[in-house]
Structure formats: structure tokens, C-alpha cells
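Here is the structure we will look at, set down as C-alpha cells.
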6 protein chains.
Amino acid sequence: MEVTVHRKAHFNAAHRLHNPEWDDEKNNRIFGKCNNPNYHGHNYELVVSVTGSIDEETGYVIDMKDLKTIIKEQVEKPFDHKNLNLDTAEFKNLNPTAENIAVVIWNKIKKQLDPAFKLKITLYETPRNFVEYSGN
Amino acid sequence: MEVTVHRKAHFNAAHRLHNPEWDDEKNNRIFGKCNNPNYHGHNYELVVSVTGSIDEETGYVIDMKDLKTIIKEQVEKPFDHKNLNLDTAEFKNLNPTAENIAVVIWNKIKKQLDPAFKLKITLYETPRNFVEYSGN
Amino acid sequence: MEVTVHRKAHFNAAHRLHNPEWDDEKNNRIFGKCNNPNYHGHNYELVVSVTGSIDEETGYVIDMKDLKTIIKEQVEKPFDHKNLNLDTAEFKNLNPTAENIAVVIWNKIKKQLDPAFKLKITLYETPRNFVEYSGN
Amino acid sequence: MEVTVHRKAHFNAAHRLHNPEWDDEKNNRIFGKCNNPNYHGHNYELVVSVTGSIDEETGYVIDMKDLKTIIKEQVEKPFDHKNLNLDTAEFKNLNPTAENIAVVIWNKIKKQLDPAFKLKITLYETPRNFVEYSGN
Amino acid sequence: MEVTVHRKAHFNAAHRLHNPEWDDEKNNRIFGKCNNPNYHGHNYELVVSVTGSIDEETGYVIDMKDLKTIIKEQVEKPFDHKNLNLDTAEFKNLNPTAENIAVVIWNKIKKQLDPAFKLKITLYETPRNFVEYSGN
Amino acid sequence: MEVTVHRKAHFNAAHRLHNPEWDDEKNNRIFGKCNNPNYHGHNYELVVSVTGSIDEETGYVIDMKDLKTIIKEQVEKPFDHKNLNLDTAEFKNLNPTAENIAVVIWNKIKKQLDPAFKLKITLYETPRNFVEYSGN
């Protein structure tokens, strides 16, 4: 009897989409306004979804307080009010598209969870654009 | 050609998380504020999702008016403006976590549907915490 | 490494549910208020979900600007501020239920995408009723 | 000690913006897509706001059950699943812009309320366009 | 140059509407399901709105971190995961309608603010019912 | 007979809160994480509210298409996907707090409107923090 529990969180960050192997013209053509060298930013809304069995003693799949702490340590502390390109090790050499940010967050949180759990990350870059990653 | 139709509903209820086999200290340590003996409460928002083929004559998977009636009889009437622990048979001996409530609702609605339909229950305990159950 | 990207869009349209092979009494009994011969209408909110691999050079699954253009050409231009029954070829002989509209939109957008992508359409007829179609 | 209570409701309707004193060219130039002779439609979301003193015995400004009934009788029954131009007396000779619909609803509900109450109508034509009217 | 700043917060609580001077029949007739002796509950969503001049040095009307602390101390700590009727001094002898809760919160927060500020409280009992109080 | 019409829009931008007359320690103490020298960012959601009489010929207070164009020219083009501190003339010497951004937007849009209209700007920096300015 598998249930998925979802927990919402958020962080505000600056970023710039850029491929250092391309010249300025190509970066501008592909990434458009998102290539602004002075950065722009987003309120990233995050949904962390954990699937597993209900523990009979607690009635929980996972204690939400524990999940909240994992999200705080792995995502909010390193990314909130940061410039993803300049202030984080993860995006020094990785383009911080919503897709790549979701994969990075998935990898960070997965390591903190009991391996029996399945994990899905949903990341809203804006209320109109969002991405999902489940690890495969 | 399978389509999933979703119908939203809601109910407001009081509850308390508690395991009668534990002492007060352990209940308080595990369930924290949710163990308040005087109860607290939520606006539960519910999404009932039914998957099946489109009927060629109606263009419907299921008549939403029928689904609305099933939700009213099975969920809203017994749970709305109730104390889940005290006023319902289902949670007399089952801890009313979001996970357990979702499973109970799934079982109640499944019995009312044509067995050809697949069913998923999504239950928001708050806008930030929600759970999903699909029956397996 | 598969990621799903979602893009929201919307269109406002009039429609009427009606089966020309039934008499008025049956149409009224099955479709109720939705059978009003003078039509009613909705703000349809649409989520187009594309699943594929992340392109290593761009960090994108698909360029959102391209997806936005496809949605504009295939959905917004033909359906926005239209009467689905009278103004569109697709629903001249197909009942414009949310289910059927989702299937029509899926078929139109699928043809514009690289066949390697998986596609899902989520269509909100109202904030309380919505449907999903993934092509099988 | 004045408090404002707000109650949400909704109705789905078709409409067309048109001024019968203008020719087709001018109607099309001013109202654009909204002038489609075959109509289009919206999910109108309504907020009815009533301001008054708190009754000491009930702790209510107004019983929400009474307000809900007034909204059902005055707005939902006559307007839901209707074509505003063709099916309602109010918009036979009045252009059903969001502004005019809000004024019409204000006038209908005001007559049903104790004159001591102040009334405000907020009407969402779409999640992006909405209007407010307070009676002066 | 007056600007209003708004801060959202939330708390989950149980409550019961009841007038001890009435008999059970009248309490049931007036308050209906809200009179359930075993309580029901809500996710209360709160918006605290402070109006004042922009400080030239900070560009702030009020430091949001200070406002967040006031809301935590005055509202979240005493009311979150509580039974308003049983666990709080404020509603021992005051019916916890949304209207009365908004007035109580307004009075508690007003005392913590510089008297130069104007204050408005908006309290959502459900997404469909909400109240506003501005202190007069 | 005055009606207020509201139009929603949005822009994504990077910014940094900083007072150049203060040393680093004071900037950090007052603005906290918002003082990050590498910037952070937000999805700013904007509501532009225009109050005036209903034009009898159109049924409009203001043509929403005109208001949409004004917002595009005055707000979206100069601010979207920009670094407010570095890329805009308005915030070269003005701290880009939500309060100051709202006042700047009000001043820009007011000049484009018929002086008979009243104008209010609501600016969401996050879904939890927002500000309002009405010009006095």
C-alpha cells in the first residue's frame, strides 16, 4: 500500500542561462532574455514528493518534520537569496535551467532518504513554467 | 484511449494524531503539536481522479454529476464539520493522518465505481502538505 | 535521464454539449445545463507537458519559446474567443466535452513535436473539473 | 466596529460584446475577438463583500448561509450555464462587459440585503482581468 | 507617500460556534454544522496589512522580518494547532467566528506596532469565506 | 458610477537591497540575505487597478487592450529579465524594495493614463509578501 506525500517549499534566486562554449551571438539567440549577463531571478516553488509504505505505528510515510529539515538543509540554505551561477558549487559549471536545477535537487535529497523511498521533484520557475524529475 | 477526469471537493474537520499504545511522552515526541488532546483542524481539499475510456455517446469518462454525488455521500456528508477521531467510525481505531484519510476515502469511493475505472485520491491537509493514493 | 517540462496557456470559448442522435429530452437529461442551445462558456486553462532527455548543450528538454509558439498556433489561435461547436472544424461533429477537447489538443500538438517526446495534456474546464490525456 | 465578510461563488456563461448602434467594422475594431457573433465564454468567479457590525449574539456580520442563498437565487440560477446576451433580461439591451455585469449583480444583491450593509462586488472574468463595484 | 505592505501567514485550529445563553435547539438552528460539540477545524490563512510611509534610508514601510516575528508571537504560537474554544484565553467567552477572530488578531498586533501605522487583518476561514477588519 | 478594473501582469528580475551610505556590517544587519552582493531574484506579479466611470458606448472603464499595452511598454519591456540595480535607470540610485518598485511603476503608468482615472499598483514580490500604492 504505497502512498505519496508532497511537501511544498520555496527559494528566491538569481540566475543566468549561458553556455561558455558558445559565442555571445549564439548564447543570445538560444537563451534570449535569459542570457542577460547581469542576471535575472525567480521565486522558485518546489514540491518534494516521497513515495513509500504507510508505517503502521505512526500512520506516516515519512515524518513531515524530517522532510522539512532535509529540504531546509539541502535546498533552502544553499540556494535561497543566492545567485545560482556565482554563489553555488553545483552551478559553477552547469547551466542553471529549471531542468538542471530539478536534477541537482533530486540528487541532493535522494542521498538523505531511506533508499526504499521513491522521490520526485517538481520545480516551478514561474507559475507558467515548471518541470518534474523522478530519477530515471 | 484512456482519459483521467478530476473533480475537486472539500471538507473541514477536526482531528488529533495519537497512538494509544504509546505513552504521552512518546506521542508528544512523534506527533508534536498534532497530538494536542483538544484537537486542531484543517480545510481538507480533495481531488478525486477517475481514469477510463471515453464513452462515444456522451464524450464523458464518467458523468461528473454522478461523481459529485458519490463524493457528497461518501466523503462530505460523513466527514464535513466533524471531529474525525470522535464522530466517525473509520477513525475510531485508525490514526487520522493525511495518509490514512486518503486510503479510507479511496476505499469508500472505489466501491461505488464501475470496477473498470482506475481511481486516485489526492488530499491536501494544508496548501503545503498533501498526499496521493492510487490503491496499490 | 528523463525530465518533464510543463507550460501553461489558456483560451476562452463557448460550447454546448449535445448528441444529435438523441432527442431533446435525452440530451437534456444527460447533459443538463450544459445542453443549453444558446451555449455557455469557460476559461479553459491548459497545461502542456513534454517528457524527454535534457539536451547537454542547452540544459533544456525543449526550448519553451518553441513550445509556446506551437501552443499559440495549434490551440490559442483556432480556439480562443471562439464557439467550439460553430467556429471550429474539430468539433463540428464531435461533442466538445473536456475529454474530447483534451484528445483533440493532444493530437494537434503531438504532430508538431519530435516523435521522441512523450506528451500529456491537462485541461481545466473550471478550477474544479479537469482532465488529463497522455495518448494511450 | 465594522467588519467585511466575503463569500466566493462562480458561474459559467457565454457572452458577446457588441454595440448595436455601431456597424460591424467599428464593433470589430473596438471589441476585437470579444465581438465574435457566435459568442465565447468565461468561468466568472465572484466575490460578494458585505460590510456591517458584528452581531453580539451570533458573532456574525451576516449569516453566510443566508448570503449563499441570496447569491444562488440572484446570480447562479439566472446566469450559470447561460448565454448572457440571449438568455437573460438584464443583458438584452446592455453590453455584458465585466463592468456592466458587476453593476447588475450589485443592484440585484443590494435589494436583498438589510440597507444598513455596504456591498462590494468583485467579478473575475479571467484570472487576469477583474473588476470591482461598490455602488457609487 | 503611503504604501501598504502585506504579509501572509497561517495557522490550523479547531473551533466550535456556540452561544451559551441559547439552548441546543437554537444553537443548532443558527450555527448548523458549525455547532458540532466535538468541534471541527480550519486552515486559517492570514494577511496582515500595514500602511505607513516609506523610510528613506531602508526603502521599507516596516521591516518584514519584524512583522513576521510579531505575527509568530501574537498569532501562530498561541493559535496554531490549538482548539480555539478550549486552549485560548481570548475565546473562552467569545464565540470564535471568523469575524471575532479577526478583531482579536487586530487588537493583538496593533499593540505591537508603532501607533503611526494603520493595520488591516484579512482572515480566510476557507478559500471561499473570508473577513476583513481595519479597526473601526 | 465608478468601477475599478484590474489587470494582472508579471516580470522576472534580479535585485539587491543596499544603502550605499551604510557600511557592509549595517547593510547586512538591516537587509540580511537580501543584501547578497551577487543578487537574488523574484517573479514579480503585478496588478494594475484603474478606477473610473463606465463609458456608455463601450461598457468599459478603459479598454483592457490599451492598458495591456501601457503595462508592456512601461513595465515589462524595461524590467523583465533585468537586473533592477544594474540594468535600469530608475534603480541606479534608489533601493529596489517592493515599496519603491511599486511607487516607480505607479509614476510611470500614471503619466500614460487620462488624468481622470485613479490608479493603484499591487506588487507581489513573493506569494507571501506584497505591497500596494495608490499615489498618496
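Note on naming: chains are A, B, ... as they come in the C-alpha cells, residues start from 1 per chain, ligands start from 1 in the order shown.
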
_Residues near stretch 91-107 of chain F, cut-off 8 Å, only C-alpha atoms, skip fewer than 6 positions along chain, as JSON, numbers by chain_ = {"E": [3, 5, 54, 58, 59, 60, 61], "F": [15, 16, 17, 18, 19, 74, 75, 84, 85, 119, 120, 121, 122, 123, 124, 125, 130, 131, 132, 133, 134, 135]}

*Kindly determine which residues of chain C lie within 10 Å of chain A, considering only C-alpha atoms, and give the answer as a list in words.*
Met1, Glu2, Val3, Thr4, Val5, His6, Arg7, Lys8, Ala9, Val47, Val48, Ser49, Val50, Thr51, Ser53, Ile54, Asp55, Glu56, Glu57, Thr58, Gly59, Tyr60, Val61, Asp63, Met64 and Lys65 of chain C

Could you tell me, as a CSV table (one decimal) with C-alpha atoms, in the first residue's frame, which residues of stretch 24-129 of chain F DSSP assigns to strand (DSSP E or B) when given the backbone?
```csv
chain,number,residue,atom,x,y,z
F,40,HIS,CA,18.9,37.2,-5.9
F,41,GLY,CA,15.6,37.5,-7.8
F,42,HIS,CA,11.9,37.2,-7.9
F,43,ASN,CA,8.9,36.6,-10.1
F,44,TYR,CA,7.1,39.9,-9.6
F,45,GLU,CA,3.4,39.6,-10.1
F,46,LEU,CA,1.7,42.9,-10.8
F,47,VAL,CA,-1.9,44.1,-10.5
F,48,VAL,CA,-2.7,47.4,-12.2
F,49,SER,CA,-6.0,48.8,-11.0
F,50,VAL,CA,-7.8,51.7,-12.8
F,51,THR,CA,-10.9,53.4,-11.3
F,52,GLY,CA,-13.2,55.5,-13.4
F,53,SER,CA,-16.7,55.8,-14.9
F,82,LYS,CA,16.6,42.5,-16.0
F,83,ASN,CA,18.9,43.2,-13.0
F,118,LYS,CA,-7.4,56.8,-10.2
F,119,LEU,CA,-4.6,54.3,-10.2
F,120,LYS,CA,-3.5,51.6,-7.7
F,121,ILE,CA,-0.5,49.3,-8.0
F,122,THR,CA,-0.3,46.0,-6.2
F,123,LEU,CA,3.1,44.3,-6.5
F,124,TYR,CA,3.8,40.7,-5.2
F,125,GLU,CA,7.5,40.2,-4.5
F,126,THR,CA,6.6,36.6,-3.4
F,129,ASN,CA,4.9,39.4,0.6
```

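In this structure, atom CA of A:Ala13 sits 5.0 Å away from atom CA of A:His81.
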